[in-house]
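Here is the file model.txt (compact mmCIF, C-alpha atoms (C1' of nucleotides)).
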# COMPACT_ATOMS: atom_id res chain seq x y z
CA MET A 1 0.00 0.00 0.00
CA GLU A 2 1.03 3.62 -0.42
CA ALA A 3 1.24 5.36 2.90
CA GLY A 4 1.73 9.11 3.12
CA GLN A 5 5.46 8.84 3.52
CA ASP A 6 6.97 12.30 3.52
CA ASP A 7 10.29 11.46 1.90
CA GLY A 8 8.58 13.03 -1.06
CA MET A 9 7.81 12.00 -4.59
CA ARG A 10 9.68 11.09 -7.72
CA ILE A 11 9.96 13.16 -10.84
CA GLY A 12 6.99 11.51 -12.51
CA GLU A 13 4.61 12.40 -9.73
CA LEU A 14 5.95 15.93 -9.44
CA ALA A 15 5.49 16.38 -13.16
CA GLU A 16 1.98 15.01 -13.07
CA GLN A 17 0.93 17.19 -10.16
CA ALA A 18 2.20 20.28 -11.94
CA GLY A 19 0.91 19.18 -15.31
CA VAL A 20 4.25 19.06 -17.11
CA ASN A 21 6.49 16.48 -18.74
CA PRO A 22 9.19 14.86 -16.57
CA THR A 23 11.69 15.72 -19.28
CA THR A 24 10.73 19.34 -18.91
CA VAL A 25 11.40 19.18 -15.18
CA ARG A 26 14.94 17.95 -15.86
CA TYR A 27 15.34 20.68 -18.42
CA TYR A 28 14.29 23.31 -15.88
CA GLU A 29 16.88 21.90 -13.52
CA ASP A 30 19.53 22.03 -16.24
CA ILE A 31 18.95 25.70 -16.95
CA GLY A 32 18.70 26.60 -13.27
CA VAL A 33 14.99 27.36 -13.05
CA LEU A 34 14.60 24.53 -10.56
CA PRO A 35 17.30 23.69 -8.00
CA GLU A 36 19.04 20.34 -7.92
CA PRO A 37 16.90 18.13 -5.69
CA ASP A 38 17.98 15.50 -3.18
CA ARG A 39 18.50 12.02 -4.52
CA THR A 40 17.70 8.59 -3.23
CA THR A 41 20.60 6.18 -2.79
CA ALA A 42 19.73 4.82 -6.21
CA GLY A 43 20.08 8.28 -7.71
CA TYR A 44 16.39 9.08 -8.16
CA ARG A 45 15.37 12.71 -7.72
CA ARG A 46 13.13 13.32 -4.70
CA TYR A 47 10.70 16.21 -4.54
CA SER A 48 8.48 17.76 -1.89
CA ASP A 49 5.17 19.61 -2.04
CA ALA A 50 7.12 22.86 -1.97
CA ASP A 51 8.71 21.78 -5.25
CA VAL A 52 5.26 21.30 -6.71
CA ASP A 53 4.41 24.86 -5.69
CA ARG A 54 7.57 26.16 -7.23
CA LEU A 55 6.96 24.32 -10.48
CA VAL A 56 3.36 25.48 -10.62
CA PHE A 57 4.61 29.01 -10.10
CA VAL A 58 6.97 28.61 -13.01
CA ARG A 59 4.20 27.43 -15.33
CA ARG A 60 1.86 30.15 -14.16
CA SER A 61 4.49 32.77 -14.87
CA GLN A 62 5.04 31.31 -18.30
CA GLN A 63 1.34 31.44 -19.04
CA LEU A 64 1.52 35.11 -18.26
CA GLY A 65 4.22 35.48 -20.87
CA LEU A 66 7.36 35.66 -18.75
CA HIS A 67 10.53 34.13 -20.14
CA LEU A 68 12.30 31.32 -18.33
CA ASP A 69 15.36 33.46 -17.63
CA GLU A 70 13.13 36.08 -16.04
CA ILE A 71 11.41 33.44 -13.95
CA ARG A 72 14.79 32.12 -12.92
CA GLU A 73 15.75 35.61 -11.81
CA ILE A 74 12.52 36.05 -9.86
CA LEU A 75 13.08 32.76 -8.08
CA ALA A 76 16.68 33.71 -7.37
CA LEU A 77 15.50 36.92 -5.72
CA ARG A 78 13.17 34.88 -3.52
CA GLU A 79 16.04 32.58 -2.70
CA GLN A 80 17.95 35.58 -1.40
CA GLY A 81 14.99 36.44 0.79
CA ARG A 82 14.02 39.44 -1.33
CA ARG A 83 10.54 40.14 -2.63
CA PRO A 84 10.67 40.13 -6.41
CA CYS A 85 7.37 41.94 -6.92
CA ARG A 86 8.87 45.20 -8.17
CA PHE A 87 10.97 43.28 -10.62
CA VAL A 88 7.96 41.28 -11.69
CA VAL A 89 6.00 44.44 -12.35
CA GLU A 90 8.79 45.78 -14.52
CA VAL A 91 9.09 42.62 -16.52
CA ALA A 92 5.34 42.21 -16.82
CA THR A 93 4.85 45.75 -18.07
CA HIS A 94 7.49 45.28 -20.69
CA ARG A 95 6.08 41.91 -21.67
CA LEU A 96 2.58 43.33 -21.97
CA ALA A 97 3.72 45.78 -24.61
CA GLU A 98 5.47 43.02 -26.51
CA ILE A 99 2.45 40.77 -26.38
CA ASP A 100 0.24 43.54 -27.69
CA GLN A 101 2.59 44.01 -30.61
CA ARG A 102 2.67 40.33 -31.38
CA ILE A 103 -1.10 40.06 -31.20
CA ALA A 104 -1.49 43.00 -33.55
CA ALA A 105 0.92 41.43 -36.03
CA MET A 106 -0.85 38.11 -35.86
CA ARG A 107 -4.27 39.68 -36.30
CA CYS A 108 -2.98 41.49 -39.35
CA ALA A 109 -1.71 38.27 -40.89
CA ARG A 110 -4.85 36.49 -39.85
CA ASP A 111 -7.16 39.00 -41.53
CA GLU A 112 -5.14 38.94 -44.71
CA LEU A 113 -5.25 35.19 -44.76
CA ALA A 114 -8.99 35.14 -44.09
CA ASP A 115 -9.62 37.69 -46.86
CA LEU A 116 -7.53 35.61 -49.16
CA LEU A 117 -9.51 32.49 -48.48
CA ALA A 118 -12.84 34.26 -48.65
CA ASN A 119 -12.21 36.09 -51.91
CA THR A 120 -10.54 33.41 -53.94
CA GLU A 121 -11.97 30.28 -55.37
CA PRO A 122 -9.61 27.36 -55.29
CA LEU A 123 -9.01 27.35 -59.00
CA ASP A 124 -6.21 25.72 -60.87
CA ASP A 125 -6.29 28.13 -63.74
CA ASP A 126 -4.20 30.91 -62.34
CA ALA A 127 -2.05 32.33 -65.05
CA GLY A 128 1.67 32.48 -64.48
CA GLY A 129 3.48 33.18 -61.26
CA TYR A 130 3.54 30.84 -58.33
CA CYS A 131 0.09 31.03 -56.90
CA GLN A 132 -2.46 33.72 -57.44
CA LEU A 133 -3.81 33.02 -53.99
CA ILE A 134 -0.71 34.38 -52.43
CA GLU A 135 0.49 36.76 -55.07
CA HIS A 136 -2.63 38.76 -55.78
CA THR A 137 -2.67 40.37 -52.37
CA GLN A 138 -0.67 43.39 -51.42
CA THR A 139 2.23 43.12 -49.06
CA SER A 140 1.46 45.21 -46.04
CA ASP A 141 4.69 44.73 -44.23
CA GLY A 142 4.45 45.03 -40.48
CA MET B 26 30.65 51.32 -64.26
CA GLU B 27 27.77 48.95 -63.62
CA ALA B 28 26.09 48.06 -66.84
CA GLY B 29 22.89 46.02 -66.86
CA GLN B 30 24.72 42.77 -67.37
CA ASP B 31 22.28 39.92 -67.18
CA ASP B 32 24.59 37.32 -65.68
CA GLY B 33 22.60 38.19 -62.61
CA MET B 34 23.36 39.37 -59.13
CA ARG B 35 25.20 38.12 -56.09
CA ILE B 36 23.63 36.95 -52.88
CA GLY B 37 23.88 40.35 -51.23
CA GLU B 38 21.86 42.07 -53.92
CA LEU B 39 19.29 39.30 -54.06
CA ALA B 40 18.89 39.53 -50.32
CA GLU B 41 18.53 43.28 -50.38
CA GLN B 42 15.95 43.23 -53.16
CA ALA B 43 13.87 40.72 -51.25
CA GLY B 44 14.46 42.37 -47.89
CA VAL B 45 16.16 39.44 -46.20
CA ASN B 46 19.54 38.60 -44.75
CA PRO B 47 22.08 36.91 -47.08
CA THR B 48 22.59 34.29 -44.37
CA THR B 49 18.90 33.54 -44.52
CA VAL B 50 19.13 32.99 -48.27
CA ARG B 51 21.85 30.38 -47.74
CA TYR B 52 19.72 28.82 -45.05
CA TYR B 53 16.76 28.57 -47.44
CA GLU B 54 19.04 26.88 -49.93
CA ASP B 55 20.24 24.44 -47.27
CA ILE B 56 16.75 23.33 -46.37
CA GLY B 57 15.63 23.17 -49.99
CA VAL B 58 13.28 26.16 -50.09
CA LEU B 59 15.52 27.76 -52.70
CA PRO B 60 17.31 25.70 -55.35
CA GLU B 61 21.08 25.63 -55.64
CA PRO B 62 22.00 28.51 -57.93
CA ASP B 63 24.68 28.69 -60.58
CA ARG B 64 28.09 29.78 -59.43
CA THR B 65 30.74 32.04 -60.88
CA THR B 66 34.15 30.50 -61.52
CA ALA B 67 35.17 31.87 -58.13
CA GLY B 68 32.31 30.05 -56.47
CA TYR B 69 29.98 33.00 -55.89
CA ARG B 70 26.27 32.30 -56.14
CA ARG B 71 24.56 34.03 -59.07
CA TYR B 72 20.88 34.91 -59.03
CA SER B 73 18.36 36.19 -61.54
CA ASP B 74 15.25 38.33 -61.23
CA ALA B 75 13.21 35.14 -61.18
CA ASP B 76 15.07 34.23 -58.00
CA VAL B 77 14.03 37.53 -56.48
CA ASP B 78 10.41 36.71 -57.31
CA ARG B 79 10.75 33.31 -55.76
CA LEU B 80 12.31 34.68 -52.60
CA VAL B 81 9.67 37.38 -52.31
CA PHE B 82 7.03 34.72 -52.70
CA VAL B 83 8.59 32.79 -49.86
CA ARG B 84 8.55 35.79 -47.54
CA ARG B 85 5.02 36.68 -48.51
CA SER B 86 3.88 33.16 -47.72
CA GLN B 87 5.62 33.32 -44.40
CA GLN B 88 3.90 36.57 -43.56
CA LEU B 89 0.65 34.78 -44.15
CA GLY B 90 1.65 32.20 -41.58
CA LEU B 91 2.77 29.32 -43.77
CA HIS B 92 5.63 27.16 -42.54
CA LEU B 93 8.82 26.80 -44.53
CA ASP B 94 8.23 23.12 -45.21
CA GLU B 95 4.81 23.95 -46.60
CA ILE B 96 6.30 26.66 -48.77
CA ARG B 97 8.91 24.23 -49.96
CA GLU B 98 6.15 21.82 -50.91
CA ILE B 99 4.22 24.52 -52.75
CA LEU B 100 7.32 25.46 -54.72
CA ALA B 101 8.02 21.81 -55.45
CA LEU B 102 4.53 21.45 -56.91
CA ARG B 103 5.21 24.44 -59.13
CA GLU B 104 8.48 22.89 -60.16
CA GLN B 105 6.57 19.83 -61.36
CA GLY B 106 4.38 22.09 -63.45
CA ARG B 107 1.39 21.64 -61.15
CA ARG B 108 -0.75 24.43 -59.73
CA PRO B 109 -0.45 24.34 -55.98
CA CYS B 110 -3.51 26.48 -55.30
CA ARG B 111 -5.70 23.72 -53.90
CA PHE B 112 -2.92 22.67 -51.63
CA VAL B 113 -2.37 26.26 -50.59
CA VAL B 114 -6.03 26.63 -49.72
CA GLU B 115 -5.88 23.53 -47.57
CA VAL B 116 -2.78 24.65 -45.76
CA ALA B 117 -4.05 28.19 -45.36
CA THR B 118 -7.37 27.06 -43.92
CA HIS B 119 -5.63 24.89 -41.41
CA ARG B 120 -3.20 27.63 -40.54
CA LEU B 121 -6.00 30.13 -40.08
CA ALA B 122 -7.58 27.97 -37.41
CA GLU B 123 -4.26 27.64 -35.67
CA ILE B 124 -3.59 31.34 -35.78
CA ASP B 125 -7.03 32.04 -34.32
CA GLN B 126 -6.26 29.68 -31.48
CA ARG B 127 -2.90 31.25 -30.82
CA ILE B 128 -4.37 34.74 -30.87
CA ALA B 129 -7.09 33.70 -28.45
CA ALA B 130 -4.52 32.19 -26.09
CA MET B 131 -2.36 35.27 -26.27
CA ARG B 132 -5.27 37.62 -25.67
CA CYS B 133 -6.20 35.57 -22.65
CA ALA B 134 -2.71 35.83 -21.23
CA ARG B 135 -2.55 39.47 -22.17
CA ASP B 136 -5.77 40.34 -20.36
CA GLU B 137 -4.72 38.47 -17.28
CA LEU B 138 -1.43 40.24 -17.27
CA ALA B 139 -3.07 43.61 -17.75
CA ASP B 140 -5.53 42.94 -14.92
CA LEU B 141 -2.67 41.89 -12.78
CA LEU B 142 -0.78 45.08 -13.39
CA ALA B 143 -3.86 47.26 -13.01
CA ASN B 144 -5.10 45.74 -9.78
CA THR B 145 -1.89 45.31 -7.86
CA GLU B 146 0.32 47.90 -6.34
CA PRO B 147 3.99 47.08 -6.56
CA LEU B 148 4.34 46.35 -2.90
CA ASP B 149 7.08 44.44 -1.20
CA ASP B 150 4.96 43.32 1.68
CA ASP B 151 3.29 40.32 0.18
CA ALA B 152 3.05 37.63 2.78
CA GLY B 153 4.53 34.26 1.98
CA GLY B 154 4.64 32.45 -1.34
CA TYR B 155 6.69 33.62 -4.29
CA CYS B 156 4.95 36.68 -5.53
CA GLN B 157 1.41 37.72 -4.84
CA LEU B 158 1.35 39.41 -8.21
CA ILE B 159 1.48 36.10 -9.94
CA GLU B 160 -0.05 33.82 -7.38
CA HIS B 161 -3.21 35.69 -6.47
CA THR B 162 -4.75 35.18 -9.89
CA GLN B 163 -6.58 32.08 -10.94
CA THR B 164 -5.13 29.73 -13.47
CA SER B 165 -7.44 29.60 -16.43
CA ASP B 166 -5.62 27.07 -18.49
CA GLY B 167 -6.17 27.39 -22.21
C1' DC C 5 13.45 -14.82 -12.54
C1' DT C 6 11.33 -12.08 -15.55
C1' DT C 7 8.48 -8.38 -16.90
C1' DG C 8 7.39 -3.75 -17.10
C1' DA C 9 7.15 0.80 -15.49
C1' DC C 10 9.89 4.12 -14.02
C1' DC C 11 14.20 6.31 -13.48
C1' DT C 12 19.16 7.79 -14.97
C1' DT C 13 22.48 10.18 -18.45
C1' DC C 14 23.68 12.03 -22.75
C1' DC C 15 22.83 13.46 -27.29
C1' DA C 16 20.17 15.04 -31.22
C1' DG C 17 16.39 17.42 -33.18
C1' DC C 18 12.57 20.78 -33.70
C1' DT C 19 11.68 26.34 -36.08
C1' DA C 20 13.71 29.92 -38.41
C1' DC C 21 17.23 31.98 -38.20
C1' DT C 22 21.71 34.64 -36.58
C1' DG C 23 26.47 35.28 -35.69
C1' DG C 24 31.35 34.11 -35.44
C1' DA C 25 35.76 32.19 -37.18
C1' DC C 26 38.65 31.93 -40.87
C1' DG C 27 39.94 32.42 -45.47
C1' DC C 28 39.28 33.68 -50.55
C1' DC C 29 37.74 37.24 -54.28
C1' DG C 30 37.52 41.51 -56.50
C1' DT C 31 37.92 46.19 -56.96
C1' DA C 32 39.56 50.84 -55.83
C1' DC C 33 43.34 53.59 -54.64
C1' DG C 34 48.02 55.14 -54.34
C1' DC D 3 52.04 46.48 -58.40
C1' DG D 4 50.76 46.07 -53.53
C1' DT D 5 47.34 46.68 -50.18
C1' DA D 6 43.13 47.59 -47.88
C1' DC D 7 38.38 46.62 -47.50
C1' DG D 8 33.97 44.76 -48.25
C1' DG D 9 31.60 40.94 -49.89
C1' DC D 10 31.45 36.12 -50.31
C1' DG D 11 32.58 31.12 -49.25
C1' DT D 12 32.13 27.11 -45.64
C1' DC D 13 31.38 25.25 -41.23
C1' DC D 14 30.01 25.32 -36.51
C1' DA D 15 27.43 26.86 -32.61
C1' DG D 16 23.87 29.23 -30.41
C1' DT D 17 19.04 31.16 -29.70
C1' DA D 18 13.85 29.39 -26.72
C1' DG D 19 11.66 25.80 -24.77
C1' DC D 20 11.28 21.96 -24.99
C1' DT D 21 10.83 16.68 -26.96
C1' DG D 22 12.39 12.27 -28.22
C1' DG D 23 15.62 8.35 -28.50
C1' DA D 24 19.36 5.20 -26.96
C1' DA D 25 21.34 2.52 -23.50
C1' DG D 26 21.25 1.25 -19.09
C1' DG D 27 19.92 1.03 -13.71
C1' DT D 28 16.04 0.24 -10.09
C1' DC D 29 12.16 -1.61 -8.02
C1' DA D 30 7.91 -4.01 -7.06
C1' DA D 31 4.71 -7.49 -8.63
C1' DG D 32 3.75 -12.07 -10.40

Could you quickly redo this structure as structure tokens?
Amino acid sequence: MEAGQDDGMRIGELAEQAGVNPTTVRYYEDIGVLPEPDRTTAGYRRYSDADVDRLVFVRRSQQLGLHLDEIREILALREQGRRPCRFVVEVATHRLAEIDQRIAAMRCARDELADLLANTEPLDDDAGGYCQLIEHTQTSDG
Amino acid sequence: MEAGQDDGMRIGELAEQAGVNPTTVRYYEDIGVLPEPDRTTAGYRRYSDADVDRLVFVRRSQQLGLHLDEIREILALREQGRRPCRFVVEVATHRLAEIDQRIAAMRCARDELADLLANTEPLDDDAGGYCQLIEHTQTSDG
DNA sequence: CTTGACCTTCCAGCTACTGGACGCCGTACG
DNA sequence: CGTACGGCGTCCAGTAGCTGGAAGGTCAAG
């Protein structure tokens, strides 16, 4: 039976609880986003609930658009006992602007593509060139 | 002087005319998006106006969200004398759905991030956890 | 004792490029 | 005629954030 032994969990369970791939967890460790955990005598990584929290925090930050190196820095600040909130605000503000730009660019491409599909019949009789579907639109470089 | 000699242009001019990096042109050749061009006796690549058209077509397709391997396939169809339009429509339709999804996901993240920034003062006195800024919001996985 | 799931390490690949090292080519200038 | 300089050649490595495979160790169940 599986008692609630508190020598923690293995990488698979950690990964499952946080909703990520075990390989990703090792990758995070490699690049310093997660610290090197304790090992069993056999060499297996052992994790605690706190590690789940940390990993969930990482994913949450990613969902909000932060880069892994920024998240690493935030976690490092915590490690030093400092509150990273000011830093987070800075990064987040910057990121917000970037995301807005990317969304705008994607919407532009999207609309062009939609127009293209709406206004062109899939005909084979385009004359010359590569493909009228692509060529007959104007380039509106962004 | 530079007469209008029609033994073509070198990679730098091709790249400039199409608005890309010369390194990128070599990369496209490597992965088979552009064919291997003729060379001068010294080994320099020589390009024609048709190559400019082709390269511009590639960039245009990319702007519309097509992947390089799809573009390669489209160009290969052309090479075989076939009209790739039906294929393009298929790809484009699929891509459109993907782009819509990505935009939706990004807007979701964006709005969360904006809320976060609007509703939180950059205080250092968050109690416990990593950063209230990130943790006090709900995860709305998309 | 074997099976099978899980774990370990290392290495390679994905997308679409970009940049550096190092050396040759070609032209302009003195 | 030599030299300086920019462009070009190849090859290799790196970017972000993983993912997958190979080759082997561990552990519990049957």

Near chain C, meaning an atom within 8 Å, which residues of chain B appear when counting all atoms listed in the file? Write them as a list in words.
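Close to chain C, chain B has Thr48, Thr49, Tyr52 and Ala67 of chain B.
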
Per residue of chain A within 12 Å of chain D, record the nearest atom pair and its distance in Å to one decimal, counting only C-alpha atoms (C1' of nucleotides), with rows in chain order and ascending residue number, as CSV.
residue,atom,partner,partner_atom,distance
A:Met1,CA,D:DA30,C1',11.3
A:Val20,CA,D:DC20,C1',11.0
A:Asn21,CA,D:DT21,C1',9.3
A:Pro22,CA,D:DT21,C1',10.7
A:Thr23,CA,D:DT21,C1',7.8
A:Thr24,CA,D:DC20,C1',6.6
A:Val25,CA,D:DC20,C1',10.2
A:Arg26,CA,D:DC20,C1',10.6
A:Tyr27,CA,D:DC20,C1',7.8
A:Tyr28,CA,D:DG19,C1',9.6
A:Ile31,CA,D:DG19,C1',10.7
A:Thr40,CA,D:DT28,C1',10.9
A:Thr41,CA,D:DT28,C1',10.5
A:Ala42,CA,D:DT28,C1',7.0
A:Gly43,CA,D:DT28,C1',9.3
A:Tyr44,CA,D:DT28,C1',9.1
A:Gln62,CA,D:DG19,C1',10.8
A:His67,CA,D:DA18,C1',8.8
A:Leu68,CA,D:DG19,C1',8.5
A:Asp69,CA,D:DA18,C1',10.1

What is the atom CA of Ile124 of chain B-atom CA of Ala114 of chain A distance in Å, reported with one decimal?
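Taking atom CA of Ile124 of chain B and atom CA of Ala114 of chain A, their separation equals 10.6 Å.
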
In terms of all atoms listed in the file, the residue from A:Arg102, A:Arg46, A:Arg86, A:Arg95 at minimal distance from chain B is A:Arg86

How big is the axis-aligned box, and where does its centre sit, when it encloses all atoms of segment 48-57 of chain B listed in the file and has 8 Å added on every side, reported in Å to one decimal as JSON?
{"center_x": 19.1, "center_y": 28.7, "center_z": -47.2, "size_x": 23.0, "size_y": 27.1, "size_z": 21.6}

Work out how far apart atom CA of Gly37 of chain B and atom CA of Ile96 of chain B are and give it in Å to one decimal.
22.4 Å

Taking the structure I provided as the source, export chain C with C-alpha atoms (C1' of nucleotides), as a tab-separated table (two decimals), in the first residue's frame.
chain	number	residue	atom	x	y	z
C	5	DC	C1'	13.45	-14.82	-12.54
C	6	DT	C1'	11.33	-12.08	-15.55
C	7	DT	C1'	8.48	-8.38	-16.90
C	8	DG	C1'	7.39	-3.75	-17.10
C	9	DA	C1'	7.15	0.80	-15.49
C	10	DC	C1'	9.89	4.12	-14.02
C	11	DC	C1'	14.20	6.31	-13.48
C	12	DT	C1'	19.16	7.79	-14.97
C	13	DT	C1'	22.48	10.18	-18.45
C	14	DC	C1'	23.68	12.03	-22.75
C	15	DC	C1'	22.83	13.46	-27.29
C	16	DA	C1'	20.17	15.04	-31.22
C	17	DG	C1'	16.39	17.42	-33.18
C	18	DC	C1'	12.57	20.78	-33.70
C	19	DT	C1'	11.68	26.34	-36.08
C	20	DA	C1'	13.71	29.92	-38.41
C	21	DC	C1'	17.23	31.98	-38.20
C	22	DT	C1'	21.71	34.64	-36.58
C	23	DG	C1'	26.47	35.28	-35.69
C	24	DG	C1'	31.35	34.11	-35.44
C	25	DA	C1'	35.76	32.19	-37.18
C	26	DC	C1'	38.65	31.93	-40.87
C	27	DG	C1'	39.94	32.42	-45.47
C	28	DC	C1'	39.28	33.68	-50.55
C	29	DC	C1'	37.74	37.24	-54.28
C	30	DG	C1'	37.52	41.51	-56.50
C	31	DT	C1'	37.92	46.19	-56.96
C	32	DA	C1'	39.56	50.84	-55.83
C	33	DC	C1'	43.34	53.59	-54.64
C	34	DG	C1'	48.02	55.14	-54.34
